Every structure is written in C-alpha cells, then in structure tokens.
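Enquirer: Got a structure here, written out as structure tokens. Questions coming.
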Amino acid sequence: MDGNGRWAASRSLPRLEGHRRGAERLIEIVDACVDLGISTLTVFAFSAENWKRPADEISGLFKLGEWILRAHLSRLERRNVKLRVIGDLKAMPDFVRLPLQDAILASAKNTGLTLVVALNYGARQETLQAVQAMVQKAAEGKLNAAEINWASFAEHLETKGLPDPDLIIRTSGEHRLSNFLLLQSAYAEIVFASVHWPDFTKEQLHLALAEYAKRERRFGQTPEQLQTPPTP
Ligand code: FPP
C-alpha cells in the first residue's frame, strides 16, 4: 500500500492523512476482492523496516490500525472474511495486538476471502526464523536434513497453509519488492501501478487483474508445452 506519504505531500496534507485515506481505500479493495471471489489478499501494512520512521508516524499508524479494525470488525463477519496476520506481532503495542488476536479468532471460521495483514513483516526475517526453527528440529533429531524440500521448508514460513501469490501489485510507481514475500513470489506476476495507494480504486484493481490475465505463466516450461495437455 505504497505512496500514502507522497499522496498527502502533493496535497500539502500531513502524512497521516495519507495513511487515513489509504486505510479507507483498503476497505474498498477488500470489498472488491470479496466480490471478485479472490481467495487471498495480502496487504503490506507495516514492514520490519518501518520502525525507522518518526515515532509520531508509527504511533499514528498503529492508532489507525486499531481504529480500522474496530470500525470494520462486523464487516469481516458480514462478508465472510477470515483475518490472518504475518509478521512479528509480539513487538506490537497491546492496543493493536490484542484486538487483532481477538479478530483473528472470531473470524477463523469464515470461509470466504482470507485477508492477510503483513505487520512488522520482513521476508528475510521470516526466512531466518524458518531456518532457525529447522536447525533446532535437526539438532533435536526431529528433522533429517536430506529430507528438506520446498514443501517442508514452506511449512516453517509464516505463510504456512496460504497459497503463493499469483499477482503482486506495487503502487506509487516504485519497481521493487521491498522485502515482501520474497520466496513465495518466485513465480508471481508483478503489476506496477503508477497511482499512489489512496488513489488505487477498485477500477485500478480491475485494470491490474486485466493486465494479469494477459500474462502467460510458464513456470519454466516452453510456450509449446503449455498447449499440450499432460499425458495421463
Ligand atoms: C506506505 O506508504 C504505507 C504504509 C507504511 C502504511 C500502510 C497502512 C495503512 C494504509 C493503514 C493500515 C494500518 C495498519 C497499521 C494496519 P508510505 O508512507 O511509504 O508512502 P510514501 O512512500 O509516499 O512516503
């Protein structure tokens, strides 16, 4: 959800106003994903590197996070959305962490869109934690190094049980992944939108999906192989 700060600066507004408008846009995009029947939407709300920001911006963001959750909790239920978080929640203040944990529990039985909020998340940190957990298991004799494969490794990532992203949308004209789902995005299509996140309307989402639909996903195969049905 990149570009909130620049959206605000270009209107001579405080950065937090950009985040507030970004949060409102998030509600619209979640609704649009539900309407489209999308199975999983992951939003990068706060990166492990965002702690470097000024303290008042960080606390403003957390207050906004708490507000958006409280104001739209019933919507999760109404729209059958299951909430999940990836990232290190332990470092989050109680006023954000506790309602989030409650909402995750309350929405666990929902069967529609899975909304994954990446909070205090970083792909490198996630990878190192997975390696540490696996090394620990190996040291305890519970894991045989020779049997490690992608599937067993992925079980140790925070995204365990979630599908890999098919499409990653980066807003605000930036062309990088910024430590977001680096391993899971190995075969993701990436669409770069030039608009800042507060201007990323559901029409923009539809445009990104139309662009995705034009892509040929080969997963290492040749175009000819994709035409040939696999032999039984
Ligand atoms: C990136 O824009 C956006 C963020 C770091 C925050 C996104 C969060 C929300 C939209 C609200 C939900 C909040 C929580 C905590 C659940 P930027 O500030 O990097 O914009 P810039 O690159 O233009 O400065």
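A note on labels: chains of the structure tokens are A, B, ... as shown, every chain counts residues from 1, and ligands are counted from 1 in their shown order.
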List as a count of residues only the protein and nucleic acid residues near region 141-151 of chain A, meaning an atom at most 12 Å away when only C-alpha atoms are counted, but skip any in the same chain fewer than 5 places from it.

Expert: 17

Enquirer: For region 169-173 of chain A, list every protein, DNA or RNA residue within 6 Å, evaluated using only C-alpha atoms, and leave out those in the same chain fewer than 5 positions away; present the list as a PyMOL selection string.

Expert: chain A and resi 2-3+190-197

Enquirer: Take the residues from that selection and put them in a file with N, CA and C atoms, as a CSV table (one decimal), in the first residue's frame.

Expert:
```csv
chain,number,residue,atom,x,y,z
A,2,ASP,N,1.7,1.4,-1.1
A,2,ASP,CA,2.7,2.4,-1.1
A,2,ASP,C,2.2,3.7,-1.7
A,3,GLY,N,2.8,4.8,-1.1
A,3,GLY,CA,2.5,6.1,-1.7
A,3,GLY,C,1.6,7.0,-0.9
A,190,ILE,N,4.0,-9.6,-11.5
A,190,ILE,CA,4.0,-8.3,-10.8
A,190,ILE,C,3.5,-7.2,-11.7
A,191,VAL,N,2.5,-6.5,-11.1
A,191,VAL,CA,2.0,-5.3,-11.9
A,191,VAL,C,2.3,-4.1,-11.1
A,192,PHE,N,2.9,-3.1,-11.8
A,192,PHE,CA,3.3,-1.8,-11.2
A,192,PHE,C,2.2,-0.8,-11.6
A,193,ALA,N,1.6,-0.2,-10.5
A,193,ALA,CA,0.6,0.8,-10.8
A,193,ALA,C,1.2,2.1,-10.4
A,194,SER,N,1.0,3.1,-11.3
A,194,SER,CA,1.7,4.4,-11.1
A,194,SER,C,1.0,5.2,-10.0
A,195,VAL,N,-0.3,4.9,-9.7
A,195,VAL,CA,-1.0,5.8,-8.7
A,195,VAL,C,-0.6,5.5,-7.3
A,196,HIS,N,-0.7,6.5,-6.4
A,196,HIS,CA,-0.4,6.2,-5.0
A,196,HIS,C,-1.6,5.4,-4.4
A,197,TRP,N,-1.3,4.7,-3.3
A,197,TRP,CA,-2.3,3.8,-2.8
A,197,TRP,C,-3.6,4.5,-2.5
```

Enquirer: Can you check which residues of region 7-189 of chain A DSSP gives as alpha helix (DSSP H) on the backbone and send them as a ChimeraX atom specification?

Expert: /A:7-9,15-36,55-78,94-106,123-139,150-154

Enquirer: In region 10-227 of chain A, what's strand (DSSP E) per DSSP? Answer as a VMD selection string?

Expert: chain A and resid 40 to 47 82 to 86 114 to 121 167 to 170 189 to 192

Enquirer: Go through A:Asp102, A:Asp56, A:Glu49, A:Asp31 and flag the residue nearest ligand 1, using only C-alpha atoms and all ligand atoms for the distances.

Expert: A:Glu49
